[in-house]
Amino acid sequence: MFHLFRIKKAGPLYLTLVTAAVLFACTQSQKNLPSQNVVAQVEDERITLGQLRIAYSLDPAFPSYKKGRKGLHEYVTELLDKILAAKRAQQEGLDRRNPFARELNYKRREAAIRQFYVSKVKNAIRVSESELRNAFAKMSRRLQVKHLFFSSEQEARRVYKELEAGADFDSLAMRIFPEYDPKTGRPANLGLVNWGELEEPLEQAAWALSPGRVSQPVQSRFGFHLLKVEAAYYNFIPNETVFASMGSQIKKKLLRRKERQAAGAYLKKLLEPLDIRVKSGTFLIVAEKLGLDSEARNRHTFTERYLTDDYLDILANLNDKLLQRSFMESYDQNWTVGDFVQRLEILPPEKRPRISSINRFKEDVGRMIRDDFLFEMAVQHNYHQTAYADSVVLAYLRERAYNYYLEKAYKTFVLPSDVEEYYKQTGNTRSSAAKPSSVLPGMISPDHYKLYYAARELHADLLQHNPQLQIILNDSLITAEAKRIEWEHPIRMFVPARF
């Protein structure tokens, strides 16, 4: 979430970004702060102690090269640098040009849909005591589960009758799965399964079975299954003490599950009357133009290949007859291929449909249509103009602008000759190269060094670019907070971002 990036030059290595060691020259005294709870302020924009704690608690790269008061001081400085970077981006008009503008608009769209979802779905969900206890009883057991898989319900019912007549489950598995491994029993053997690890229809069927029994055909999003529970084991002995300790965890699980169910039901209620249809013939023509052949129709791959601007150029340059061809219809709307291209253009490339296979493309187009409809509903309720949406967009602008300017500083940064020589020699165990004082503990590669000192250069540049801004740091509050942080035993949430 904060300052963790993949640098192309560093390959797969995630590098920690730390900001300036140089403190703000214009730092004023603590008494000028409007509240003793404010850690730092740039004009009317403040970083409170609560915001700081959330920031470093969620930051996987904190602490970095420095700990204690100096480390926290640098971290606060970086948070301020992000505010300054956003102001500079607005002054230079970056927020009104692509890709910035496209990304910011998408963030506002996401925030609006989120608020609409919370108001219509999430706020209405409740979990009862009986639901908690029922889930607790299921979580106490894990099951050894096998399954037989079928593409049609008719075939599944035919095999179920064979089992009822006394057929052997494993023998049928060898017949049904060509890749069946007699040693492991896979793919027929799902192994030991805890409650919450299977799709809900499969889970309900499995936990309703006693060991040795086989379910009737159960439909999942993949097809139809016959489940067999081989054995059941206790994860823990269920009692009131354990229930009390696990209550909040179980409630969160149930809330997430009920949210998915409620969201699905609400979307179905909204979308079904519209009778939205993607025109298959046009869809296949578009897929072919994007390089998806008919042989890939039934393949489902997870390769992340998105509709980049280059692909959009291919579609935009189709002849007028194809661009006017109907791509999607509903009772009151008609999307042409040209309309489809225009809607894609407003999305960041990584938010567009994936084109690794026709199946994946079709699924993502469906989600895109759904989200367009939800955004229209959110706009009708003005959720795109709320304080929440504004805060989401501003937070993203700060991160995006800071990363943009930091990447430029990183690319132009030149390693000092003694530092370059030191890193060249570090792989030689016989090397006697002296470690330059500017190489801090933990800087194990030139990329770490460049990124740290590029951030320092960026800090100085941001201050120079905004010399009129009043910047305040509460040094005493930072010092007090640094004393309470467990620097040697941090617990962080890993949320990587990239340039």
# chains A, B, ... in the order shown; residues from 1 in each chain; ligands from 1
>>> closest_atom_pairs(of="range 38-82 of chain A", to="range 402-410 of chain A", cutoff="12 Å", atoms="only C-alpha atoms", output="Markdown table")
| residue | atom | partner | partner_atom | distance |
| --- | --- | --- | --- | --- |
| A:Glu78 | CA | A:Tyr402 | CA | 9.2 |
| A:Leu79 | CA | A:Tyr402 | CA | 9.6 |
| A:Leu80 | CA | A:Tyr402 | CA | 10.2 |
| A:Asp81 | CA | A:Tyr402 | CA | 7.3 |
| A:Lys82 | CA | A:Tyr402 | CA | 5.3 |
>>> residues_around(residues="Ser330 in chain A", least_positions_apart="6", cutoff="8 Å", atoms="only C-alpha atoms", output="list in words")
Leu274, Asp275, Ile276 and Arg277 of chain A
>>> write_last_selection(atoms="N, CA and C atoms", output="PDB file, in the first residue's frame")
ATOM      1  N   LEU A 274     -33.501  -6.317 -17.247  1.00  0.00           N
ATOM      2  CA  LEU A 274     -32.905  -5.612 -18.381  1.00  0.00           C
ATOM      3  C   LEU A 274     -32.692  -6.534 -19.572  1.00  0.00           C
ATOM      4  N   ASP A 275     -32.624  -7.860 -19.305  1.00  0.00           N
ATOM      5  CA  ASP A 275     -32.438  -8.852 -20.371  1.00  0.00           C
ATOM      6  C   ASP A 275     -31.209  -8.511 -21.217  1.00  0.00           C
ATOM      7  N   ILE A 276     -30.055  -8.357 -20.551  1.00  0.00           N
ATOM      8  CA  ILE A 276     -28.806  -7.997 -21.244  1.00  0.00           C
ATOM      9  C   ILE A 276     -28.269  -9.215 -21.990  1.00  0.00           C
ATOM     10  N   ARG A 277     -27.943  -9.021 -23.264  1.00  0.00           N
ATOM     11  CA  ARG A 277     -27.439 -10.116 -24.094  1.00  0.00           C
ATOM     12  C   ARG A 277     -26.215  -9.652 -24.877  1.00  0.00           C
TER      13      ARG A 277
END
>>> closest_atom_pairs(of="range 201-302 of chain A", to="range 155-177 of chain A", cutoff="10 Å", atoms="only C-alpha atoms", output="JSON lines")
{"residue": "A:Val214", "atom": "CA", "partner": "A:Leu163", "partner_atom": "CA", "distance": 8.2}
{"residue": "A:Ser215", "atom": "CA", "partner": "A:Tyr160", "partner_atom": "CA", "distance": 8.4}
{"residue": "A:Gln216", "atom": "CA", "partner": "A:Tyr160", "partner_atom": "CA", "distance": 6.7}
{"residue": "A:Pro217", "atom": "CA", "partner": "A:Ala156", "partner_atom": "CA", "distance": 5.9}
{"residue": "A:Val218", "atom": "CA", "partner": "A:Ala156", "partner_atom": "CA", "distance": 8.9}
{"residue": "A:Gln219", "atom": "CA", "partner": "A:Ala156", "partner_atom": "CA", "distance": 9.9}
{"residue": "A:Gly223", "atom": "CA", "partner": "A:Ala156", "partner_atom": "CA", "distance": 9.6}
{"residue": "A:Phe224", "atom": "CA", "partner": "A:Ala156", "partner_atom": "CA", "distance": 6.6}
{"residue": "A:His225", "atom": "CA", "partner": "A:Ala156", "partner_atom": "CA", "distance": 7.0}
{"residue": "A:Leu226", "atom": "CA", "partner": "A:Ala156", "partner_atom": "CA", "distance": 7.1}
{"residue": "A:Leu227", "atom": "CA", "partner": "A:Phe169", "partner_atom": "CA", "distance": 10.0}
{"residue": "A:Lys228", "atom": "CA", "partner": "A:Phe169", "partner_atom": "CA", "distance": 8.4}
>>> write_last_selection(atoms="N, CA and C atoms", output="PDB file, in the first residue's frame")
ATOM      1  N   VAL A 214     -22.689 -41.004   0.247  1.00  0.00           N
ATOM      2  CA  VAL A 214     -22.465 -40.273  -1.002  1.00  0.00           C
ATOM      3  C   VAL A 214     -23.641 -39.338  -1.241  1.00  0.00           C
ATOM      4  N   SER A 215     -23.353 -38.138  -1.691  1.00  0.00           N
ATOM      5  CA  SER A 215     -24.404 -37.142  -1.940  1.00  0.00           C
ATOM      6  C   SER A 215     -25.070 -37.388  -3.286  1.00  0.00           C
ATOM      7  N   GLN A 216     -26.245 -36.827  -3.439  1.00  0.00           N
ATOM      8  CA  GLN A 216     -26.857 -36.748  -4.757  1.00  0.00           C
ATOM      9  C   GLN A 216     -26.100 -35.686  -5.555  1.00  0.00           C
ATOM     10  N   PRO A 217     -26.348 -35.565  -6.862  1.00  0.00           N
ATOM     11  CA  PRO A 217     -25.611 -34.588  -7.672  1.00  0.00           C
ATOM     12  C   PRO A 217     -25.715 -33.167  -7.114  1.00  0.00           C
ATOM     13  N   VAL A 218     -24.578 -32.514  -6.997  1.00  0.00           N
ATOM     14  CA  VAL A 218     -24.499 -31.142  -6.484  1.00  0.00           C
ATOM     15  C   VAL A 218     -23.880 -30.275  -7.570  1.00  0.00           C
ATOM     16  N   GLN A 219     -24.509 -29.147  -7.866  1.00  0.00           N
ATOM     17  CA  GLN A 219     -24.007 -28.271  -8.914  1.00  0.00           C
ATOM     18  C   GLN A 219     -23.081 -27.202  -8.337  1.00  0.00           C
ATOM     19  N   GLY A 223     -19.545 -27.554 -12.759  1.00  0.00           N
ATOM     20  CA  GLY A 223     -20.329 -28.659 -13.275  1.00  0.00           C
ATOM     21  C   GLY A 223     -21.094 -29.341 -12.163  1.00  0.00           C
ATOM     22  N   PHE A 224     -21.173 -30.674 -12.222  1.00  0.00           N
ATOM     23  CA  PHE A 224     -21.923 -31.449 -11.231  1.00  0.00           C
ATOM     24  C   PHE A 224     -21.006 -32.454 -10.533  1.00  0.00           C
ATOM     25  N   HIS A 225     -21.233 -32.636  -9.242  1.00  0.00           N
ATOM     26  CA  HIS A 225     -20.366 -33.467  -8.415  1.00  0.00           C
ATOM     27  C   HIS A 225     -21.188 -34.481  -7.622  1.00  0.00           C
ATOM     28  N   LEU A 226     -20.572 -35.641  -7.407  1.00  0.00           N
ATOM     29  CA  LEU A 226     -21.037 -36.587  -6.390  1.00  0.00           C
ATOM     30  C   LEU A 226     -19.968 -36.610  -5.317  1.00  0.00           C
ATOM     31  N   LEU A 227     -20.332 -36.294  -4.080  1.00  0.00           N
ATOM     32  CA  LEU A 227     -19.370 -36.210  -2.989  1.00  0.00           C
ATOM     33  C   LEU A 227     -19.483 -37.427  -2.083  1.00  0.00           C
ATOM     34  N   LYS A 228     -18.335 -37.860  -1.597  1.00  0.00           N
ATOM     35  CA  LYS A 228     -18.308 -38.937  -0.606  1.00  0.00           C
ATOM     36  C   LYS A 228     -17.423 -38.508   0.555  1.00  0.00           C
TER      37      LYS A 228
END
>>> closest_atom_pairs(of="range 202-261 of chain A", to="range 114-131 of chain A", cutoff="8 Å", atoms="only C-alpha atoms", output="CSV")
residue,atom,partner,partner_atom,distance
A:Lys251,CA,A:Val127,CA,6.9
A:Leu254,CA,A:Val127,CA,7.1
A:Leu255,CA,A:Val127,CA,6.9
A:Lys258,CA,A:Ile125,CA,7.1
A:Glu259,CA,A:Lys122,CA,6.1
>>> residues_around(residues="Thr412 in chain A", least_positions_apart="5", cutoff="12 Å", atoms="only C-alpha atoms", output="MDAnalysis selection string")
chainID A and resid 405:407 450:451 453:455 457:458
>>> residues_around(residues="Trp207 in chain A", least_positions_apart="4", cutoff="12 Å", atoms="only C-alpha atoms", output="ChimeraX atom specification")
/A:134-135,137-145,193-198,200-203,211,213-215,227-232
>>> write_last_selection(atoms="C-alpha atoms", output="PDB file, in the first residue's frame")
ATOM      1  CA  ASN A 134     -24.170 -23.708  13.588  1.00  0.00           C
ATOM      2  CA  ALA A 135     -21.032 -22.431  11.830  1.00  0.00           C
ATOM      3  CA  ALA A 137     -20.110 -26.730  15.013  1.00  0.00           C
ATOM      4  CA  LYS A 138     -19.090 -27.124  11.355  1.00  0.00           C
ATOM      5  CA  MET A 139     -15.716 -25.461  11.909  1.00  0.00           C
ATOM      6  CA  SER A 140     -14.961 -27.947  14.669  1.00  0.00           C
ATOM      7  CA  ARG A 141     -14.730 -30.776  12.129  1.00  0.00           C
ATOM      8  CA  ARG A 142     -12.645 -31.404   9.041  1.00  0.00           C
ATOM      9  CA  LEU A 143     -13.695 -33.964   6.473  1.00  0.00           C
ATOM     10  CA  GLN A 144     -11.876 -36.385   4.201  1.00  0.00           C
ATOM     11  CA  VAL A 145     -13.768 -35.825   0.931  1.00  0.00           C
ATOM     12  CA  VAL A 193     -11.211 -30.070   3.943  1.00  0.00           C
ATOM     13  CA  ASN A 194     -12.106 -27.455   6.568  1.00  0.00           C
ATOM     14  CA  TRP A 195     -15.387 -25.597   6.609  1.00  0.00           C
ATOM     15  CA  GLY A 196     -15.130 -22.573   4.314  1.00  0.00           C
ATOM     16  CA  GLU A 197     -12.701 -24.123   1.813  1.00  0.00           C
ATOM     17  CA  LEU A 198     -15.233 -25.546  -0.658  1.00  0.00           C
ATOM     18  CA  GLU A 200     -20.915 -23.272  -0.696  1.00  0.00           C
ATOM     19  CA  PRO A 201     -23.152 -25.817  -2.511  1.00  0.00           C
ATOM     20  CA  LEU A 202     -20.416 -28.467  -2.162  1.00  0.00           C
ATOM     21  CA  GLU A 203     -19.783 -27.505   1.442  1.00  0.00           C
ATOM     22  CA  PRO A 211     -18.842 -40.829   6.863  1.00  0.00           C
ATOM     23  CA  ARG A 213     -22.254 -41.749   2.535  1.00  0.00           C
ATOM     24  CA  VAL A 214     -22.465 -40.273  -1.002  1.00  0.00           C
ATOM     25  CA  SER A 215     -24.404 -37.142  -1.940  1.00  0.00           C
ATOM     26  CA  LEU A 227     -19.370 -36.210  -2.989  1.00  0.00           C
ATOM     27  CA  LYS A 228     -18.308 -38.937  -0.606  1.00  0.00           C
ATOM     28  CA  VAL A 229     -17.157 -38.300   2.973  1.00  0.00           C
ATOM     29  CA  GLU A 230     -14.587 -40.906   3.902  1.00  0.00           C
ATOM     30  CA  ALA A 231     -13.960 -39.772   7.477  1.00  0.00           C
ATOM     31  CA  ALA A 232     -14.455 -36.866   9.887  1.00  0.00           C
TER      32      ALA A 232
END
>>> atom_distance(atom1="CA of Gln425 in chain A", atom2="CA of Ser437 in chain A")
15.8 Å
>>> closest_residue(among="A:Val341, A:Val42, A:Leu284, A:Thr184", to="Ala85 in chain A", atoms="only C-alpha atoms")
A:Val42
>>> residues_around(residues="Leu290 in chain A", least_positions_apart="2", cutoff="12 Å", atoms="only C-alpha atoms", output="NGL selection string")
:A and (283-288 or 292-294 or 305-316 or 318 or 353-358 or 361)
>>> closest_residue(among="A:Asn466, A:Thr336, A:Ser391, A:Ser326", to="Lys87 in chain A", atoms="only C-alpha atoms")
A:Asn466
>>> select_by_dssp(residues="range 293-406 of chain A", states="helix (DSSP H, G or I)", output="ChimeraX atom specification")
/A:294-296,309-316,320-323,337-345,349-351,358-380,383-385,387-406
>>> select_by_dssp(residues="range 346-489 of chain A", states="strand (DSSP E or B)", output="list in words")
Arg354, Ile471, Ile472 and Leu473 of chain A
>>> write_last_selection(atoms="N, CA and C atoms", output="PDB file, in the first residue's frame")
ATOM      1  N   ARG A 354      -9.604  -9.344 -19.669  1.00  0.00           N
ATOM      2  CA  ARG A 354      -8.424 -10.123 -20.029  1.00  0.00           C
ATOM      3  C   ARG A 354      -8.712 -10.928 -21.287  1.00  0.00           C
ATOM      4  N   ILE A 471       4.888  24.182   6.334  1.00  0.00           N
ATOM      5  CA  ILE A 471       4.976  22.774   6.725  1.00  0.00           C
ATOM      6  C   ILE A 471       5.367  22.687   8.192  1.00  0.00           C
ATOM      7  N   ILE A 472       4.629  21.900   8.967  1.00  0.00           N
ATOM      8  CA  ILE A 472       4.873  21.783  10.405  1.00  0.00           C
ATOM      9  C   ILE A 472       5.044  20.323  10.776  1.00  0.00           C
ATOM     10  N   LEU A 473       6.053  20.022  11.579  1.00  0.00           N
ATOM     11  CA  LEU A 473       6.255  18.682  12.134  1.00  0.00           C
ATOM     12  C   LEU A 473       6.216  18.775  13.659  1.00  0.00           C
TER      13      LEU A 473
END
>>> closest_residue(among="A:Asn317, A:Ser220, A:Gln41, A:Thr426", to="Leu469 in chain A", atoms="only C-alpha atoms")
A:Gln41
>>> residues_around(residues="Arg109 in chain A", least_positions_apart="4", cutoff="7 Å", atoms="only C-alpha atoms", output="PyMOL selection string")
chain A and resi 105+113+375+384
>>> closest_residue(among="A:Ile54, A:Ala265, A:Leu104, A:Val76", to="Thr479 in chain A", atoms="only C-alpha atoms")
A:Val76
>>> atom_distance(atom1="CA of Ala188 in chain A", atom2="CA of Lys146 in chain A")
5.4 Å
>>> closest_residue(among="A:Ser64, A:Ser280, A:Asn37, A:Gln261", to="Gln51 in chain A", atoms="only C-alpha atoms")
A:Asn37
>>> closest_residue(among="A:Tyr233, A:Ser210, A:Arg352, A:Leu374", to="Ala263 in chain A", atoms="only C-alpha atoms")
A:Leu374
>>> atom_distance(atom1="CA of Gln468 in chain A", atom2="CA of Glu399 in chain A")
22.3 Å
